[in-house]
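With PDB, C-alpha atoms and all ligand atoms inside, this is model02.pdb:
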ATOM      1  CA  MET A   1    -119.755-212.137 -19.177
ATOM      2  CA  ASP A   2    -120.112-214.971 -21.721
ATOM      3  CA  ALA A   3    -121.973-217.887 -20.091
ATOM      4  CA  THR A   4    -120.622-220.360 -22.657
ATOM      5  CA  ARG A   5    -117.000-219.211 -22.859
ATOM      6  CA  HIS A   6    -115.746-222.191 -20.827
ATOM      7  CA  ALA A   7    -118.683-224.559 -21.389
ATOM      8  CA  GLY A   8    -117.697-228.215 -21.221
ATOM      9  CA  ARG A   9    -114.343-227.420 -19.674
ATOM     10  CA  THR A  10    -112.815-228.335 -16.365
ATOM     11  CA  ALA A  11    -110.723-225.738 -14.576
ATOM     12  CA  ILE A  12    -108.553-225.987 -11.470
ATOM     13  CA  VAL A  13    -108.185-222.750  -9.498
ATOM     14  CA  THR A  14    -105.791-222.425  -6.546
ATOM     15  CA  GLY A  15    -106.236-219.843  -3.815
ATOM     16  CA  ALA A  16    -109.988-220.321  -4.247
ATOM     17  CA  GLY A  17    -110.840-219.155  -0.732
ATOM     18  CA  SER A  18    -110.164-215.450  -1.160
ATOM     19  CA  GLY A  19    -109.478-212.501  -3.407
ATOM     20  CA  ILE A  20    -108.474-213.162  -7.008
ATOM     21  CA  GLY A  21    -108.786-216.961  -6.673
ATOM     22  CA  ARG A  22    -112.340-216.732  -5.355
ATOM     23  CA  ALA A  23    -113.256-214.211  -8.062
ATOM     24  CA  THR A  24    -111.772-216.557 -10.686
ATOM     25  CA  VAL A  25    -113.841-219.480  -9.376
ATOM     26  CA  LEU A  26    -117.047-217.425  -9.410
ATOM     27  CA  ARG A  27    -116.334-216.105 -12.905
ATOM     28  CA  MET A  28    -115.254-219.419 -14.447
ATOM     29  CA  VAL A  29    -118.349-221.165 -13.041
ATOM     30  CA  GLN A  30    -120.598-218.429 -14.429
ATOM     31  CA  GLU A  31    -118.801-218.836 -17.761
ATOM     32  CA  GLY A  32    -119.732-222.499 -17.921
ATOM     33  CA  ALA A  33    -116.715-224.343 -16.507
ATOM     34  CA  ARG A  34    -116.747-227.164 -14.063
ATOM     35  CA  VAL A  35    -114.348-225.842 -11.418
ATOM     36  CA  VAL A  36    -112.161-227.606  -8.886
ATOM     37  CA  GLY A  37    -111.102-224.918  -6.431
ATOM     38  CA  CYS A  38    -108.513-225.475  -3.737
ATOM     39  CA  ASP A  39    -107.222-223.499  -0.793
ATOM     40  CA  VAL A  40    -105.262-224.252   2.365
ATOM     41  CA  ASN A  41    -107.804-222.293   4.419
ATOM     42  CA  ALA A  42    -110.856-224.528   4.934
ATOM     43  CA  GLU A  43    -113.075-221.786   6.369
ATOM     44  CA  ALA A  44    -112.329-219.399   3.530
ATOM     45  CA  LEU A  45    -113.008-222.144   0.997
ATOM     46  CA  ALA A  46    -116.340-222.907   2.663
ATOM     47  CA  GLU A  47    -117.276-219.234   2.298
ATOM     48  CA  THR A  48    -116.544-219.493  -1.449
ATOM     49  CA  GLY A  49    -118.878-222.500  -1.508
ATOM     50  CA  ARG A  50    -121.555-220.479   0.273
ATOM     51  CA  LEU A  51    -121.229-217.620  -2.239
ATOM     52  CA  LEU A  52    -121.493-220.075  -5.129
ATOM     53  CA  ALA A  53    -124.593-221.667  -3.622
ATOM     54  CA  GLU A  54    -126.116-218.211  -3.165
ATOM     55  CA  ALA A  55    -125.646-217.703  -6.913
ATOM     56  CA  GLY A  56    -127.280-221.083  -7.586
ATOM     57  CA  ALA A  57    -123.969-222.596  -8.654
ATOM     58  CA  GLY A  58    -121.360-224.973  -7.316
ATOM     59  CA  ALA A  59    -117.778-226.171  -7.574
ATOM     60  CA  ASP A  60    -115.687-229.012  -6.206
ATOM     61  CA  LEU A  61    -113.796-227.437  -3.345
ATOM     62  CA  VAL A  62    -110.750-229.239  -1.972
ATOM     63  CA  VAL A  63    -108.785-228.166   1.088
ATOM     64  CA  ALA A  64    -105.202-228.455  -0.078
ATOM     65  CA  ASP A  65    -101.769-226.919   0.358
ATOM     66  CA  VAL A  66    -100.218-226.259  -3.060
ATOM     67  CA  THR A  67     -96.729-226.813  -1.662
ATOM     68  CA  ARG A  68     -97.503-230.449  -0.773
ATOM     69  CA  GLN A  69     -97.232-232.967  -3.600
ATOM     70  CA  GLU A  70     -99.829-235.315  -2.062
ATOM     71  CA  ASP A  71    -102.329-232.435  -1.799
ATOM     72  CA  VAL A  72    -101.636-231.428  -5.405
ATOM     73  CA  GLU A  73    -102.370-234.982  -6.513
ATOM     74  CA  ARG A  74    -105.693-234.946  -4.613
ATOM     75  CA  VAL A  75    -106.676-231.702  -6.341
ATOM     76  CA  VAL A  76    -105.928-233.085  -9.791
ATOM     77  CA  GLU A  77    -107.741-236.348  -8.956
ATOM     78  CA  ALA A  78    -110.843-234.285  -8.140
ATOM     79  CA  ALA A  79    -110.867-233.136 -11.768
ATOM     80  CA  ASP A  80    -111.658-236.737 -12.868
ATOM     81  CA  GLY A  81    -109.104-237.073 -15.638
ATOM     82  CA  ARG A  82    -109.681-233.857 -17.562
ATOM     83  CA  VAL A  83    -108.147-230.418 -16.958
ATOM     84  CA  ASP A  84    -108.572-227.751 -19.628
ATOM     85  CA  VAL A  85    -107.539-224.789 -17.496
ATOM     86  CA  LEU A  86    -105.224-224.368 -14.548
ATOM     87  CA  ALA A  87    -105.262-221.011 -12.780
ATOM     88  CA  ASN A  88    -102.324-220.737 -10.363
ATOM     89  CA  VAL A  89    -103.561-217.975  -8.086
ATOM     90  CA  ALA A  90    -102.583-218.847  -4.481
ATOM     91  CA  GLY A  91     -99.833-216.617  -3.152
ATOM     92  CA  VAL A  92     -98.532-214.782  -0.090
ATOM     93  CA  MET A  93     -96.495-211.628   0.505
ATOM     94  CA  ASP A  94     -93.398-211.090   2.658
ATOM     95  CA  HIS A  95     -94.057-208.077   4.896
ATOM     96  CA  PHE A  96     -91.793-205.932   2.678
ATOM     97  CA  LEU A  97     -88.700-207.494   4.290
ATOM     98  CA  PRO A  98     -85.462-206.430   2.553
ATOM     99  CA  LEU A  99     -82.524-208.837   2.175
ATOM    100  CA  GLY A 100     -80.785-207.995   5.440
ATOM    101  CA  GLU A 101     -83.948-208.705   7.432
ATOM    102  CA  ILE A 102     -85.307-211.813   5.720
ATOM    103  CA  ASP A 103     -85.409-214.997   7.811
ATOM    104  CA  ASP A 104     -85.087-218.426   6.207
ATOM    105  CA  GLY A 105     -88.612-219.418   7.215
ATOM    106  CA  THR A 106     -90.256-216.481   5.429
ATOM    107  CA  TRP A 107     -88.048-216.927   2.352
ATOM    108  CA  GLU A 108     -88.806-220.639   2.079
ATOM    109  CA  ARG A 109     -92.535-220.217   2.686
ATOM    110  CA  VAL A 110     -92.881-217.463   0.067
ATOM    111  CA  MET A 111     -90.853-219.388  -2.511
ATOM    112  CA  ALA A 112     -92.737-222.623  -1.755
ATOM    113  CA  ILE A 113     -96.202-221.085  -2.152
ATOM    114  CA  ASN A 114     -95.477-218.615  -4.976
ATOM    115  CA  VAL A 115     -93.074-220.691  -7.104
ATOM    116  CA  THR A 116     -93.018-224.368  -6.089
ATOM    117  CA  GLY A 117     -96.816-224.511  -5.817
ATOM    118  CA  PRO A 118     -97.455-223.337  -9.401
ATOM    119  CA  MET A 119     -94.669-225.663 -10.592
ATOM    120  CA  ARG A 120     -96.220-228.671  -8.830
ATOM    121  CA  LEU A 121     -99.749-227.944 -10.079
ATOM    122  CA  SER A 122     -98.555-227.251 -13.627
ATOM    123  CA  ARG A 123     -96.458-230.436 -13.639
ATOM    124  CA  ALA A 124     -99.405-232.449 -12.354
ATOM    125  CA  VAL A 125    -101.881-231.275 -15.022
ATOM    126  CA  LEU A 126     -99.427-231.423 -17.911
ATOM    127  CA  PRO A 127     -99.860-235.141 -18.762
ATOM    128  CA  LEU A 128    -103.634-234.641 -19.007
ATOM    129  CA  MET A 129    -103.250-231.555 -21.216
ATOM    130  CA  GLU A 130    -100.724-233.303 -23.444
ATOM    131  CA  ALA A 131    -103.020-236.305 -23.833
ATOM    132  CA  GLN A 132    -105.979-234.012 -24.632
ATOM    133  CA  GLY A 133    -103.845-232.057 -27.090
ATOM    134  CA  SER A 134    -104.924-228.799 -25.450
ATOM    135  CA  GLY A 135    -104.726-226.845 -22.242
ATOM    136  CA  ALA A 136    -104.209-223.379 -20.819
ATOM    137  CA  ILE A 137    -102.263-222.515 -17.686
ATOM    138  CA  VAL A 138    -102.612-218.999 -16.279
ATOM    139  CA  THR A 139    -100.379-217.974 -13.397
ATOM    140  CA  VAL A 140    -100.957-214.857 -11.333
ATOM    141  CA  ALA A 141     -97.634-213.059 -11.028
ATOM    142  CA  SER A 142     -97.371-209.388 -10.004
ATOM    143  CA  LYS A 143     -96.107-205.884 -10.587
ATOM    144  CA  ALA A 144     -93.307-207.325  -8.415
ATOM    145  CA  SER A 145     -92.357-209.524 -11.408
ATOM    146  CA  LEU A 146     -91.057-206.387 -13.134
ATOM    147  CA  GLY A 147     -89.310-204.435 -10.403
ATOM    148  CA  ALA A 148     -88.364-204.332  -6.757
ATOM    149  CA  GLY A 149     -90.390-201.496  -5.253
ATOM    150  CA  ALA A 150     -93.681-203.305  -4.692
ATOM    151  CA  ALA A 151     -92.659-205.866  -2.047
ATOM    152  CA  GLY A 152     -89.765-207.355  -0.093
ATOM    153  CA  VAL A 153     -86.921-209.521  -1.405
ATOM    154  CA  ALA A 154     -88.673-212.890  -1.125
ATOM    155  CA  TYR A 155     -91.890-211.847  -2.865
ATOM    156  CA  THR A 156     -90.033-209.946  -5.607
ATOM    157  CA  THR A 157     -87.724-212.911  -6.226
ATOM    158  CA  SER A 158     -90.639-215.364  -6.245
ATOM    159  CA  LYS A 159     -92.665-213.290  -8.694
ATOM    160  CA  HIS A 160     -89.677-212.885 -11.025
ATOM    161  CA  ALA A 161     -89.020-216.642 -10.781
ATOM    162  CA  VAL A 162     -92.558-217.627 -11.624
ATOM    163  CA  ILE A 163     -92.273-215.749 -14.945
ATOM    164  CA  GLY A 164     -89.466-218.177 -15.804
ATOM    165  CA  LEU A 165     -91.799-221.063 -15.073
ATOM    166  CA  VAL A 166     -94.545-219.525 -17.215
ATOM    167  CA  LYS A 167     -92.196-218.980 -20.151
ATOM    168  CA  SER A 168     -90.533-222.383 -19.907
ATOM    169  CA  ILE A 169     -93.906-224.138 -20.071
ATOM    170  CA  ALA A 170     -94.914-221.923 -23.010
ATOM    171  CA  TYR A 171     -91.683-222.611 -24.884
ATOM    172  CA  PHE A 172     -91.509-226.374 -24.434
ATOM    173  CA  TYR A 173     -95.213-227.245 -24.531
ATOM    174  CA  GLY A 174     -96.588-224.610 -26.919
ATOM    175  CA  PRO A 175     -96.024-226.996 -29.851
ATOM    176  CA  LYS A 176     -98.231-229.494 -27.988
ATOM    177  CA  ASN A 177    -101.005-226.882 -27.777
ATOM    178  CA  VAL A 178    -100.524-226.227 -24.073
ATOM    179  CA  ARG A 179    -100.416-222.471 -23.500
ATOM    180  CA  SER A 180     -98.956-220.774 -20.436
ATOM    181  CA  ASN A 181     -99.346-217.088 -19.618
ATOM    182  CA  ALA A 182     -98.983-214.761 -16.652
ATOM    183  CA  VAL A 183    -101.203-211.971 -15.360
ATOM    184  CA  LEU A 184     -99.364-209.203 -13.518
ATOM    185  CA  PRO A 185    -101.749-207.318 -11.241
ATOM    186  CA  GLY A 186    -100.932-204.109  -9.416
ATOM    187  CA  ALA A 187    -102.748-203.430  -6.167
ATOM    188  CA  VAL A 188    -105.981-205.382  -5.772
ATOM    189  CA  THR A 189    -108.414-205.287  -2.862
ATOM    190  CA  THR A 190    -108.133-208.823  -1.419
ATOM    191  CA  GLY A 191    -107.120-210.622   1.751
ATOM    192  CA  ILE A 192    -103.388-210.548   0.989
ATOM    193  CA  GLY A 193    -102.904-207.696   3.470
ATOM    194  CA  SER A 194    -102.279-210.221   6.246
ATOM    195  CA  THR A 195     -98.811-210.915   4.785
ATOM    196  CA  ALA A 196     -98.272-207.379   3.490
ATOM    197  CA  ALA A 197     -98.068-205.477   6.791
ATOM    198  CA  PRO A 198     -94.635-203.811   6.758
ATOM    199  CA  ARG A 199     -92.170-204.820   9.483
ATOM    200  CA  VAL A 200     -89.118-202.668   8.685
ATOM    201  CA  PRO A 201     -89.936-198.943   8.602
ATOM    202  CA  TRP A 202     -86.981-197.801   6.450
ATOM    203  CA  ALA A 203     -87.712-200.461   3.820
ATOM    204  CA  MET A 204     -91.369-199.460   3.706
ATOM    205  CA  GLU A 205     -90.373-195.808   3.314
ATOM    206  CA  ARG A 206     -88.228-196.822   0.345
ATOM    207  CA  ALA A 207     -91.067-198.934  -1.113
ATOM    208  CA  MET A 208     -93.432-195.985  -0.734
ATOM    209  CA  LEU A 209     -91.417-194.133  -3.390
ATOM    210  CA  ALA A 210     -92.449-196.794  -5.916
ATOM    211  CA  MET A 211     -95.962-196.906  -4.457
ATOM    212  CA  ALA A 212     -96.385-193.193  -5.118
ATOM    213  CA  THR A 213     -97.345-193.888  -8.725
ATOM    214  CA  MET A 214     -99.706-196.739  -7.875
ATOM    215  CA  PRO A 215    -103.196-196.375  -9.347
ATOM    216  CA  ALA A 216    -106.245-196.997  -7.133
ATOM    217  CA  PRO A 217    -106.591-200.669  -6.143
ATOM    218  CA  ALA A 218    -108.581-202.848  -8.527
ATOM    219  CA  GLU A 219    -111.382-205.243  -7.659
ATOM    220  CA  ALA A 220    -110.469-208.942  -7.731
ATOM    221  CA  ASP A 221    -112.817-209.648 -10.645
ATOM    222  CA  GLN A 222    -110.906-207.129 -12.782
ATOM    223  CA  VAL A 223    -107.998-209.560 -12.589
ATOM    224  CA  ALA A 224    -110.165-212.699 -12.801
ATOM    225  CA  THR A 225    -111.550-211.515 -16.134
ATOM    226  CA  VAL A 226    -108.010-211.394 -17.557
ATOM    227  CA  VAL A 227    -107.305-214.889 -16.201
ATOM    228  CA  SER A 228    -110.471-216.129 -17.879
ATOM    229  CA  TRP A 229    -109.644-214.496 -21.204
ATOM    230  CA  LEU A 230    -106.094-215.857 -21.296
ATOM    231  CA  ALA A 231    -107.541-219.316 -20.641
ATOM    232  CA  CYS A 232    -110.157-219.138 -23.406
ATOM    233  CA  ASP A 233    -109.877-219.905 -27.112
ATOM    234  CA  GLU A 234    -109.917-216.238 -28.130
ATOM    235  CA  ALA A 235    -106.396-216.128 -26.694
ATOM    236  CA  ALA A 236    -105.288-219.140 -28.776
ATOM    237  CA  ASN A 237    -102.273-217.283 -30.165
ATOM    238  CA  VAL A 238    -101.200-215.847 -26.801
ATOM    239  CA  ASN A 239     -98.502-217.997 -25.239
ATOM    240  CA  GLY A 240     -95.696-217.069 -22.860
ATOM    241  CA  ALA A 241     -97.126-213.581 -22.388
ATOM    242  CA  THR A 242     -96.839-211.418 -19.296
ATOM    243  CA  VAL A 243    -100.031-209.379 -19.272
ATOM    244  CA  THR A 244    -100.138-206.430 -16.902
ATOM    245  CA  ALA A 245    -103.500-205.720 -15.268
ATOM    246  CA  ASP A 246    -102.379-202.909 -13.015
ATOM    247  CA  GLY A 247    -104.170-199.784 -14.230
ATOM    248  CA  GLY A 248    -100.956-198.651 -15.903
ATOM    249  CA  TRP A 249     -98.675-198.829 -12.854
ATOM    250  CA  ALA A 250     -95.950-200.608 -14.848
ATOM    251  CA  THR A 251     -95.600-197.546 -17.069
ATOM    252  CA  ALA A 252     -94.261-195.426 -14.190
TER     253      ALA A 252
HETATM  254  N1  LIG B   1    -103.784-208.317  -3.940
HETATM  255  C1  LIG B   1    -102.835-207.724  -4.614
HETATM  256  O1  LIG B   1    -102.633-206.492  -4.509
HETATM  257  C2  LIG B   1    -101.974-208.528  -5.558
HETATM  258  C3  LIG B   1    -101.137-207.842  -6.443
HETATM  259  C4  LIG B   1    -100.327-208.565  -7.325
HETATM  260  C5  LIG B   1    -100.371-209.936  -7.307
HETATM  261  N2  LIG B   1    -101.192-210.590  -6.430
HETATM  262  C6  LIG B   1    -101.184-212.048  -6.466
HETATM  263  O2  LIG B   1    -102.502-212.521  -6.617
HETATM  264  C7  LIG B   1    -102.582-213.857  -6.110
HETATM  265  C8  LIG B   1    -103.818-213.979  -5.254
HETATM  266  O3  LIG B   1    -103.670-213.169  -4.100
HETATM  267  P1  LIG B   1    -104.864-212.338  -3.454
HETATM  268  O4  LIG B   1    -104.472-210.925  -3.504
HETATM  269  O5  LIG B   1    -106.156-212.776  -4.010
HETATM  270  O6  LIG B   1    -104.674-212.787  -1.930
HETATM  271  P2  LIG B   1    -105.645-213.476  -0.884
HETATM  272  O7  LIG B   1    -104.855-213.561   0.374
HETATM  273  O8  LIG B   1    -106.949-212.774  -0.858
HETATM  274  O9  LIG B   1    -105.855-214.939  -1.494
HETATM  275  C9  LIG B   1    -104.828-215.879  -1.548
HETATM  276  C10 LIG B   1    -105.371-217.237  -1.190
HETATM  277  O10 LIG B   1    -104.316-218.194  -1.330
HETATM  278  C11 LIG B   1    -104.446-219.115  -0.273
HETATM  279  N3  LIG B   1    -103.199-219.806  -0.014
HETATM  280  C12 LIG B   1    -102.102-219.319   0.615
HETATM  281  N4  LIG B   1    -101.183-220.278   0.732
HETATM  282  C13 LIG B   1    -101.703-221.387   0.155
HETATM  283  C14 LIG B   1    -101.223-222.703  -0.021
HETATM  284  N5  LIG B   1    -100.017-223.083   0.436
HETATM  285  N6  LIG B   1    -102.010-223.600  -0.660
HETATM  286  C15 LIG B   1    -103.241-223.238  -1.091
HETATM  287  N7  LIG B   1    -103.744-222.012  -0.932
HETATM  288  C16 LIG B   1    -102.983-221.094  -0.315
HETATM  289  C17 LIG B   1    -104.895-218.275   0.922
HETATM  290  O11 LIG B   1    -105.472-219.075   1.940
HETATM  291  C18 LIG B   1    -105.865-217.320   0.272
HETATM  292  O12 LIG B   1    -107.188-217.807   0.325
HETATM  293  C19 LIG B   1    -101.258-214.097  -5.371
HETATM  294  O13 LIG B   1    -100.423-214.901  -6.179
HETATM  295  C20 LIG B   1    -100.689-212.707  -5.200
HETATM  296  O14 LIG B   1     -99.287-212.724  -5.104
HETATM  297  C21 LIG B   1    -101.990-209.915  -5.568
END

When written as structure tokens, how does the structure in this file appear?
Amino acid sequence: MDATRHAGRTAIVTGAGSGIGRATVLRMVQEGARVVGCDVNAEALAETGRLLAEAGAGADLVVADVTRQEDVERVVEAADGRVDVLANVAGVMDHFLPLGEIDDGTWERVMAINVTGPMRLSRAVLPLMEAQGSGAIVTVASKASLGAGAAGVAYTTSKHAVIGLVKSIAYFYGPKNVRSNAVLPGAVTTGIGSTAAPRVPWAMERAMLAMATMPAPAEADQVATVVSWLACDEAANVNGATVTADGGWATA
């Protein structure tokens, strides 16, 4: 860990109350960033604050729903006019529901959190990054960005879609020195299990065929370290990339 890697920088991290988002907050703070972390779950966010305090550190923690424009604006306001890094981490799964079983509510919720949220946050920080002449956006996508066997239809569609967002930002704003990259984790030990519990046995059986080649689950910080690297200056020439951090699962 390099304590000066993000010194003098301000980073926004979504999904800061659990799993990869929390690990990203802890890591970015230890690497010198001022962090604004947000999460829709106030209790979980408070626990992140407690863990930071235990480590003698702190962050600005904002309870916010990334799907709500007014919440997104509050998060960006908390950064006080400078955002060097945006880590779009918040996300939910879809209980492995295949197309014939998906209800509109689940579809819309998954798309709103996994696609519209990163779009809204990225759009909100863009003017600041353009004015600064620099910025790095890192979006956590998934093994489900590459194929269909790791989740249900809504999650797979959302994680494919978010790659389009990542690449569009990279293409149009790369010349303005705003980089945008995706990290594609495989299985990671986090709290996402609450929306991963399978509901349709035959679909889960089918998914298990793809799961058969899955490496052992990673720790959240093993993904956070990739987020941090993509956001730092060493990755200055990396833009529009989809970086797998899945122990090799994508090779199966
Ligand atoms: N855990 C895995 O195996 C895995 C694998 C591939 C990709 N991912 C991706 O990693 C990212 C982080 O997930 P995780 O595994 O750490 O899960 P997690 O459930 O531990 O953390 C996700 C956090 O996002 C928050 N969140 C959910 N909806 C929100 C909203 N509308 N606004 C703000 N915050 C919201 C939750 O409250 C939670 O604290 C997600 O995008 C997920 O799709 C996870």

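Closest approach to ligand LIG 1 (chain B) among A:Thr24, A:Ser18, A:Ser134, A:Ser228: A:Ser18, based on all atoms listed in the file.
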
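Shell of A:Ile20 at 8 Å, with all atoms listed in the file counted and residues fewer than 2 places along the chain excluded, is A:Gly15, A:Ala16, A:Ser18, A:Arg22, A:Ala23, A:Thr24, A:Val89, A:Thr190, A:Ala220, A:Asp221, A:Val223, A:Ala224.
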
*Select the residues contacting ligand LIG 1 (chain B) at a distance of at most 7 Å, based on only C-alpha atoms and all ligand atoms, then format the selection as a VMD selection string.*
chain A and resid 14 to 21 38 to 41 44 64 to 67 89 to 93 113 to 114 140 to 143 184 to 193 220

Okay, now the selection with C-alpha atoms, as a CSV table (one decimal), in the frame of the given file?
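Full text of again_29.csv as output:
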chain,number,residue,atom,x,y,z
A,14,THR,CA,-105.8,-222.4,-6.5
A,15,GLY,CA,-106.2,-219.8,-3.8
A,16,ALA,CA,-110.0,-220.3,-4.2
A,17,GLY,CA,-110.8,-219.2,-0.7
A,18,SER,CA,-110.2,-215.4,-1.2
A,19,GLY,CA,-109.5,-212.5,-3.4
A,20,ILE,CA,-108.5,-213.2,-7.0
A,21,GLY,CA,-108.8,-217.0,-6.7
A,38,CYS,CA,-108.5,-225.5,-3.7
A,39,ASP,CA,-107.2,-223.5,-0.8
A,40,VAL,CA,-105.3,-224.3,2.4
A,41,ASN,CA,-107.8,-222.3,4.4
A,44,ALA,CA,-112.3,-219.4,3.5
A,64,ALA,CA,-105.2,-228.5,-0.1
A,65,ASP,CA,-101.8,-226.9,0.4
A,66,VAL,CA,-100.2,-226.3,-3.1
A,67,THR,CA,-96.7,-226.8,-1.7
A,89,VAL,CA,-103.6,-218.0,-8.1
A,90,ALA,CA,-102.6,-218.8,-4.5
A,91,GLY,CA,-99.8,-216.6,-3.2
A,92,VAL,CA,-98.5,-214.8,-0.1
A,93,MET,CA,-96.5,-211.6,0.5
A,113,ILE,CA,-96.2,-221.1,-2.2
A,114,ASN,CA,-95.5,-218.6,-5.0
A,140,VAL,CA,-101.0,-214.9,-11.3
A,141,ALA,CA,-97.6,-213.1,-11.0
A,142,SER,CA,-97.4,-209.4,-10.0
A,143,LYS,CA,-96.1,-205.9,-10.6
A,184,LEU,CA,-99.4,-209.2,-13.5
A,185,PRO,CA,-101.7,-207.3,-11.2
A,186,GLY,CA,-100.9,-204.1,-9.4
A,187,ALA,CA,-102.7,-203.4,-6.2
A,188,VAL,CA,-106.0,-205.4,-5.8
A,189,THR,CA,-108.4,-205.3,-2.9
A,190,THR,CA,-108.1,-208.8,-1.4
A,191,GLY,CA,-107.1,-210.6,1.8
A,192,ILE,CA,-103.4,-210.5,1.0
A,193,GLY,CA,-102.9,-207.7,3.5
A,220,ALA,CA,-110.5,-208.9,-7.7

*asked:* Could you tell me how far atom CA of A:Glu31 sits from atom CA of A:Arg5, in Å to one decimal place?
replied: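 According to the coordinates, atom CA of A:Arg5 and atom CA of A:Glu31 are separated by 5.4 Å.
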
*Starting from the shown file, work through the PyMOL selection byres (((chain A and resi 214) around 10) and not hetatm) and note down what comes out as a list of chain:residue names.*
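Listing what the PyMOL selection byres (((chain A and resi 214) around 10) and not hetatm) selects in the shown file: A:Ala150, A:Gly186, A:Ala187, A:Met208, A:Leu209, A:Ala210, A:Met211, A:Ala212, A:Thr213, A:Pro215, A:Ala216, A:Pro217, A:Asp246, A:Gly247, A:Gly248, A:Trp249, A:Ala250, A:Ala252.
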
*asked:* I'd like to see the residues matched by the PyMOL selection byres (((chain A and resi 13) around 6) and not hetatm) on this file, and ideally I'd get them as a list of chain:residue names.
replied: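 Applying the PyMOL selection byres (((chain A and resi 13) around 6) and not hetatm) to the structure shown produces A:Ile12, A:Thr14, A:Gly37, A:Ala87.
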
*asked:* Selection in question (the file shown): the PyMOL selection byres (((chain A and resi 229) around 12) and not hetatm). Which residues does it include, as a ChimeraX atom specification?
replied: /A:1-2,5-6,24,27-28,31,85,87,136-138,181-183,222-228,230-238,243

*Give me the residues within 10 Å of A:Trp107 as a PyMOL selection string, counting only C-alpha atoms and dropping any in the same chain fewer than 6 places off.*
chain A and resi 94+97+99+153-155+157-158

*What does the distance between atom CA of A:Arg109 and atom CA of A:Ala207 come to in Å, to one decimal place?*
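Between these atoms lies a distance of 21.7 Å.
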
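Interatomic distance, atom CA of A:Leu121 against atom CA of A:Leu86: 7.9 Å.
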
_Sel. within 10 Å of pt (-106.4, -232.5, -4.0), counting all atoms listed in the file, output as a PyMOL selection string_ = chain A and resi 36-39+61-66+68-79

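With all atoms listed in the file as the atoms that count, the minimum distance from A:Gly147 to the choices A:Thr10, A:Thr251, A:Gln30, A:Ser168 is reached by A:Thr251.
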
*Using only C-alpha atoms, which of A:Ile169, A:Ile163, A:Leu26, A:Met119 sits nearest A:Glu54?*
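Once distances to A:Glu54 are computed over only C-alpha atoms, the minimum belongs to A:Leu26.
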
Taking every listed atom of stretch 65-84 of chain A and adding 8 Å to each side, what centre and edge lengths in Å (one decimal) does the axis-aligned box have, as lines of an AutoDock Vina configuration file?
center_x = -104.2
center_y = -231.7
center_z = -9.6
size_x = 30.9
size_y = 26.8
size_z = 36.0
